[in-house]
There are 2 protein chains.
Amino acid sequence: MEGYGFLFDLALILLSTKLFGLVTRKFKMPQVVGALAAGLILGPAMLNVLQETDFITKLSEVGVIVLMFTAGLETDIQELKNTGKASFVIALIGVLVPLGGGFALAHFFNNEAIAGPGANIFLQNIFIGIILTATSVSISVETLKEMGKLNTRAGNAILGAAIIDDILGIVALTVVTSLADSSVNIVVVLLKIVAFFIVSAGGGFLFYVLFKKFQARYQKDMRRFVILAFVFCLLLSYCAEQFFGVADITGAFIAGMVISNTEHSKYIAARFETLSYIFLSPIFFASIGLKVSLPDMTGSIILFSVLLVIVAILTKIVGCGFGAKMCKFTNHESIQIGAGMVSRGEVALIVATKGAALGLMSSVFFGPVIIMVVATTIVAPILLKLAFRNDKGGDTPVPPEDQLKTNYQVLTSNSMELGSDMDSIRLTQNA
Amino acid sequence: MEGYGFLFDLALILLSTKLFGLVTRKFKMPQVVGALAAGLILGPAMLNVLQETDFITKLSEVGVIVLMFTAGLETDIQELKNTGKASFVIALIGVLVPLGGGFALAHFFNNEAIAGPGANIFLQNIFIGIILTATSVSISVETLKEMGKLNTRAGNAILGAAIIDDILGIVALTVVTSLADSSVNIVVVLLKIVAFFIVSAGGGFLFYVLFKKFQARYQKDMRRFVILAFVFCLLLSYCAEQFFGVADITGAFIAGMVISNTEHSKYIAARFETLSYIFLSPIFFASIGLKVSLPDMTGSIILFSVLLVIVAILTKIVGCGFGAKMCKFTNHESIQIGAGMVSRGEVALIVATKGAALGLMSSVFFGPVIIMVVATTIVAPILLKLAFRNDKGGDTPVPPEDQLKTNYQVLTSNSMELGSDMDSIRLTQNA
């Protein structure tokens, strides 16, 4: 271990994340933006007092695994089933349209010079599309809550669709990242993915059964459950990569979904949230900012950034709006739903990081992706307020029998905090 | 980042730590022994499926810093003042005698072949003594509680002395490790240490004032306090090493003591405990086991191990017992106190690790130190039961006015858990 500099690096990242987080909070932006800013400003893009080291890289990988694990942990499968067909359709079309839009945009910009020699440009372009698929709904929820419009048909639909599109996005990511190794043909890849899901389900079931027995015997010591859950998560992540060519973050997400069915999942989730927000999340998101290098920001890339923002906004409004229209929402509601799905956040960043690590995304695109995330975050509340402004009393509140089966209490104070799950909705019973 | 093997390493360490922890719990040994066993068995000493990597080393360093920070955080300075002169005397002599005994033993065994060419053998021998200074009282507390003998004069004295001897041990460690750099003369070293304490006190006071103002303004968001405390801890640790040549773990401990005076210290401590037990502590203690190599365990070293155990046991019984006698405890009580101070644990391991990193201890001594820790842990309850066995009703319970000023509730269920503070006593008000 050469020197103690890494302690200083950690302190710097955590402190800047918090300071910038204070600023972004004033502007009602999620604190992920603060962590990004910390990495951007301290890193090679600006002050260059901090560079990405192997320690930071590995710690970030553990961090993103814990983030995805927590997301899986907090995905309520029952609730998913209850969200209804409309949310699924909205989510699906709201994934396909941005996917296509991002692909098309990348197609015009990406070339061998950017992508690197011998790169699979087609796959890379699809990857830009995948980055655009997942909505980060926390800021929409915050805005809707303020406006008192959360409990409307549109608000409900947004919530349901956001959960589903996270999962769809992860599925798309899994398929594409598994294809990154160009020597493998697609049939083998798909078979491996299916095999992984089967093995995870089997291993998960086994783990679940052992866990329950274990819980029954050792009621007193909750800490063991937390550590065993962590072990399961790490092992599944490792096995996903090592034996199935499946992204480790997918393994972590699935591990989280398995554990979410056990008795102490809330306790476990809370402990991992602590691990995330104190330590791992700031480091992960700051490390993304550290990857941006200013020389990469040519005029061409800046133009790309602008267009990426526009494409990101339009494709969600159009895609989700159209999906809503197909499900018999009014024109007005469809636009509201589209606007609510616009903001991107943690998932887009996680996907981009994964892609770059696998050679599926050139690192010149980190700048544009970050700009896109921040821009959609700023624009989304504005769009929402516009969309909902003209119907004072016009939104029919959702009758109780049509509400999501569990009364949901959106813990938005947590949802804006770094380290909470991706679509930060805790669908819990009303106290 | 080459490969995902480090995820598997982490999973393996955490799982083994837990499994071995189950075994040690059955034998009423602290779980630190389980983590040590995990490192020993998985590492080069036995199965060799795990080697110490740079990632593990750096993570362990963060881990030991958090451990020491938490220890400082949970050191109740008020309570310290209330422990009384007797505990101080017992602690002091109970530090000096093992220091001398360890030094003498090392003097006979250490030589240039073991220590390395050009090494400061005198300093290294003192270091072996320092390893023997700190008691790990959790197992004594557990045993006394079971016997219902905790609330006796002897029990009280043990509790008080244990806290103080941690601090004395850290002071001794700080002085000796600062002397590791042989190019510096001792006066400069002592001045630097004093300067560090002054700067920490000043910086700590500044931080404390800012923290209080901050807390008053931002009551809602507890998470910020945790992160800011962590930043303070990391910065102080870094500055200690970088600018004062003082051990980073000393900086962390002092940072903890500063924060322990703030309003939310319990909340902060709980959050760091989570970080420790889920992640950092198992890695730190396992990494110690990873440092042991069997070829080092020559006949000579094995003999050294046996003698180290004997010296460790005898010097505490004699030192603390004598100190107690000087403070007017009865012969019987003095032996009880001596027996209660015998067991060593986390601090001895932390000191050894620090020494090895600074070239103040040859790595061949890891095996003996681990053996000594485990052996004293096994022997201590036996000695205590013997010492207390003959006085059914003979121990005068401590009258209320002489009890430690805060009624203490020893959370021994936590004290035996990995990651809790060194002398795991939470001196809290009775609920």
# chains A, B, ... in the order shown; residues from 1 in each chain; ligands from 1

$ select_by_dssp --residues "region 49-142 of chain A" --states "alpha helix (DSSP H)" --output "PyMOL selection string"
chain A and resi 54-73+77-82+84-109+112-115+121-131+138-142

$ write_last_selection --atoms "C-alpha atoms" --output "PDB file, in the first residue's frame"
ATOM      1  CA  ASP A  54      -7.880   1.032  -9.075  1.00  0.00           C
ATOM      2  CA  PHE A  55      -9.113   1.278  -5.498  1.00  0.00           C
ATOM      3  CA  ILE A  56     -11.841   3.737  -6.470  1.00  0.00           C
ATOM      4  CA  THR A  57     -12.798   1.617  -9.460  1.00  0.00           C
ATOM      5  CA  LYS A  58     -13.196  -1.548  -7.410  1.00  0.00           C
ATOM      6  CA  LEU A  59     -14.975   0.266  -4.607  1.00  0.00           C
ATOM      7  CA  SER A  60     -17.328   1.774  -7.199  1.00  0.00           C
ATOM      8  CA  GLU A  61     -18.085  -1.674  -8.560  1.00  0.00           C
ATOM      9  CA  VAL A  62     -19.042  -2.866  -5.095  1.00  0.00           C
ATOM     10  CA  GLY A  63     -21.060   0.331  -4.814  1.00  0.00           C
ATOM     11  CA  VAL A  64     -23.067  -0.200  -7.970  1.00  0.00           C
ATOM     12  CA  ILE A  65     -23.698  -3.801  -6.994  1.00  0.00           C
ATOM     13  CA  VAL A  66     -25.072  -2.672  -3.642  1.00  0.00           C
ATOM     14  CA  LEU A  67     -27.209  -0.028  -5.404  1.00  0.00           C
ATOM     15  CA  MET A  68     -28.732  -2.598  -7.737  1.00  0.00           C
ATOM     16  CA  PHE A  69     -29.120  -5.079  -4.911  1.00  0.00           C
ATOM     17  CA  THR A  70     -31.046  -2.531  -2.895  1.00  0.00           C
ATOM     18  CA  ALA A  71     -33.193  -1.722  -5.927  1.00  0.00           C
ATOM     19  CA  GLY A  72     -34.091  -5.386  -6.306  1.00  0.00           C
ATOM     20  CA  LEU A  73     -34.681  -5.611  -2.576  1.00  0.00           C
ATOM     21  CA  ILE A  77     -43.305  -8.051  -6.864  1.00  0.00           C
ATOM     22  CA  GLN A  78     -46.851  -8.127  -5.573  1.00  0.00           C
ATOM     23  CA  GLU A  79     -47.176  -4.464  -6.310  1.00  0.00           C
ATOM     24  CA  LEU A  80     -45.769  -5.005  -9.765  1.00  0.00           C
ATOM     25  CA  LYS A  81     -48.511  -7.471 -10.513  1.00  0.00           C
ATOM     26  CA  ASN A  82     -51.059  -4.965  -9.322  1.00  0.00           C
ATOM     27  CA  GLY A  84     -51.975  -3.234 -14.298  1.00  0.00           C
ATOM     28  CA  LYS A  85     -51.731  -3.589 -18.001  1.00  0.00           C
ATOM     29  CA  ALA A  86     -51.678   0.119 -18.679  1.00  0.00           C
ATOM     30  CA  SER A  87     -48.454   0.705 -16.771  1.00  0.00           C
ATOM     31  CA  PHE A  88     -46.842  -2.171 -18.600  1.00  0.00           C
ATOM     32  CA  VAL A  89     -47.814  -0.856 -22.006  1.00  0.00           C
ATOM     33  CA  ILE A  90     -46.718   2.663 -21.126  1.00  0.00           C
ATOM     34  CA  ALA A  91     -43.413   1.346 -19.830  1.00  0.00           C
ATOM     35  CA  LEU A  92     -42.839  -0.909 -22.820  1.00  0.00           C
ATOM     36  CA  ILE A  93     -43.450   1.696 -25.489  1.00  0.00           C
ATOM     37  CA  GLY A  94     -41.673   4.194 -23.276  1.00  0.00           C
ATOM     38  CA  VAL A  95     -38.644   1.912 -23.495  1.00  0.00           C
ATOM     39  CA  LEU A  96     -38.827   1.056 -27.198  1.00  0.00           C
ATOM     40  CA  VAL A  97     -39.158   4.612 -28.502  1.00  0.00           C
ATOM     41  CA  PRO A  98     -36.155   6.041 -26.600  1.00  0.00           C
ATOM     42  CA  LEU A  99     -34.234   2.909 -27.541  1.00  0.00           C
ATOM     43  CA  GLY A 100     -34.921   3.606 -31.187  1.00  0.00           C
ATOM     44  CA  GLY A 101     -34.339   7.322 -30.855  1.00  0.00           C
ATOM     45  CA  GLY A 102     -31.048   6.902 -29.093  1.00  0.00           C
ATOM     46  CA  PHE A 103     -29.944   4.337 -31.633  1.00  0.00           C
ATOM     47  CA  ALA A 104     -30.813   6.637 -34.513  1.00  0.00           C
ATOM     48  CA  LEU A 105     -28.969   9.576 -32.971  1.00  0.00           C
ATOM     49  CA  ALA A 106     -25.899   7.505 -32.232  1.00  0.00           C
ATOM     50  CA  HIS A 107     -25.993   6.091 -35.730  1.00  0.00           C
ATOM     51  CA  PHE A 108     -25.356   9.573 -37.112  1.00  0.00           C
ATOM     52  CA  PHE A 109     -22.593  10.427 -34.673  1.00  0.00           C
ATOM     53  CA  GLU A 112     -14.797   4.161 -35.990  1.00  0.00           C
ATOM     54  CA  ALA A 113     -12.798   7.139 -34.771  1.00  0.00           C
ATOM     55  CA  ILE A 114     -14.958   7.475 -31.667  1.00  0.00           C
ATOM     56  CA  ALA A 115     -15.844   3.867 -31.159  1.00  0.00           C
ATOM     57  CA  ILE A 121     -20.598   0.046 -33.834  1.00  0.00           C
ATOM     58  CA  PHE A 122     -24.101  -1.333 -34.247  1.00  0.00           C
ATOM     59  CA  LEU A 123     -24.069  -2.668 -30.717  1.00  0.00           C
ATOM     60  CA  GLN A 124     -22.660   0.581 -29.404  1.00  0.00           C
ATOM     61  CA  ASN A 125     -25.418   2.563 -31.039  1.00  0.00           C
ATOM     62  CA  ILE A 126     -28.024   0.283 -29.511  1.00  0.00           C
ATOM     63  CA  PHE A 127     -26.311   0.888 -26.219  1.00  0.00           C
ATOM     64  CA  ILE A 128     -26.834   4.630 -26.406  1.00  0.00           C
ATOM     65  CA  GLY A 129     -30.476   3.798 -26.905  1.00  0.00           C
ATOM     66  CA  ILE A 130     -30.499   1.605 -23.824  1.00  0.00           C
ATOM     67  CA  ILE A 131     -29.042   4.402 -21.751  1.00  0.00           C
ATOM     68  CA  SER A 138     -38.026  10.339  -7.907  1.00  0.00           C
ATOM     69  CA  ILE A 139     -38.064  13.900  -9.076  1.00  0.00           C
ATOM     70  CA  SER A 140     -41.434  13.476 -10.815  1.00  0.00           C
ATOM     71  CA  VAL A 141     -42.886  12.049  -7.646  1.00  0.00           C
ATOM     72  CA  GLU A 142     -41.538  14.962  -5.633  1.00  0.00           C
TER      73      GLU A 142
END

$ closest_atom_pairs --of "region 220-304 of chain A" --to "region 159-179 of chain A" --cutoff "8 Å" --atoms "only C-alpha atoms" --output "CSV"
residue,atom,partner,partner_atom,distance
A:Gly245,CA,A:Ser178,CA,5.6
A:Val246,CA,A:Ser178,CA,5.5
A:Ala247,CA,A:Thr174,CA,6.0
A:Thr250,CA,A:Thr174,CA,6.7

$ interface_residues --of "chain B" --to "chain A" --cutoff "7 Å" --atoms "only C-alpha atoms" --output "list of chain:residue names"
B:Met1, B:Tyr4, B:Leu7, B:Phe8, B:Ala11, B:Leu14, B:Leu15, B:Asp54, B:Phe55, B:Thr57, B:Lys58, B:Val226, B:Ile227, B:Leu228, B:Val231, B:Leu234, B:Leu235, B:Tyr238, B:Arg271, B:Thr274, B:Leu275, B:Ile278

$ residues_around --residues "Ser293 (chain B)" --least-positions-apart "4" --cutoff "9 Å" --atoms "only C-alpha atoms" --output "PyMOL selection string"
chain B and resi 40+43-46+289+297+363-364+366-367

$ write_last_selection --atoms "N, CA and C atoms" --output "PDB file, in the first residue's frame"
ATOM      1  N   LEU B  40      -7.079 -17.140   8.312  1.00  0.00           N
ATOM      2  CA  LEU B  40      -6.057 -18.158   8.477  1.00  0.00           C
ATOM      3  C   LEU B  40      -6.304 -19.339   7.552  1.00  0.00           C
ATOM      4  N   GLY B  43      -6.363 -18.425   3.751  1.00  0.00           N
ATOM      5  CA  GLY B  43      -5.184 -17.748   3.243  1.00  0.00           C
ATOM      6  C   GLY B  43      -3.990 -18.657   3.049  1.00  0.00           C
ATOM      7  N   PRO B  44      -2.837 -18.043   2.835  1.00  0.00           N
ATOM      8  CA  PRO B  44      -1.633 -18.804   2.527  1.00  0.00           C
ATOM      9  C   PRO B  44      -1.240 -19.803   3.611  1.00  0.00           C
ATOM     10  N   ALA B  45      -1.741 -19.592   4.836  1.00  0.00           N
ATOM     11  CA  ALA B  45      -1.357 -20.518   5.897  1.00  0.00           C
ATOM     12  C   ALA B  45      -1.954 -21.893   5.691  1.00  0.00           C
ATOM     13  N   MET B  46      -3.118 -21.935   5.060  1.00  0.00           N
ATOM     14  CA  MET B  46      -3.747 -23.249   4.859  1.00  0.00           C
ATOM     15  C   MET B  46      -4.226 -23.463   3.422  1.00  0.00           C
ATOM     16  N   GLY B 289      -5.440 -12.707   9.338  1.00  0.00           N
ATOM     17  CA  GLY B 289      -5.206 -14.131   9.148  1.00  0.00           C
ATOM     18  C   GLY B 289      -4.480 -14.404   7.845  1.00  0.00           C
ATOM     19  N   MET B 297       6.378 -20.511  10.889  1.00  0.00           N
ATOM     20  CA  MET B 297       6.131 -21.083  12.211  1.00  0.00           C
ATOM     21  C   MET B 297       7.180 -22.159  12.525  1.00  0.00           C
ATOM     22  N   SER B 363       6.774  -9.951  10.205  1.00  0.00           N
ATOM     23  CA  SER B 363       5.511 -10.648   9.961  1.00  0.00           C
ATOM     24  C   SER B 363       5.507 -12.071  10.517  1.00  0.00           C
ATOM     25  N   VAL B 364       6.678 -12.584  10.906  1.00  0.00           N
ATOM     26  CA  VAL B 364       6.665 -13.925  11.486  1.00  0.00           C
ATOM     27  C   VAL B 364       5.929 -13.934  12.810  1.00  0.00           C
ATOM     28  N   PHE B 366       3.014 -12.583  13.404  1.00  0.00           N
ATOM     29  CA  PHE B 366       1.558 -12.580  13.316  1.00  0.00           C
ATOM     30  C   PHE B 366       0.977 -13.854  13.906  1.00  0.00           C
ATOM     31  N   GLY B 367       1.595 -14.964  13.560  1.00  0.00           N
ATOM     32  CA  GLY B 367       1.117 -16.244  14.087  1.00  0.00           C
ATOM     33  C   GLY B 367       1.082 -16.244  15.605  1.00  0.00           C
TER      34      GLY B 367
END

$ closest_residue --among "B:Ile268, B:Ile313, B:Ile337, B:Cys327" --to "Thr376 (chain B)" --atoms "only C-alpha atoms"
B:Ile313
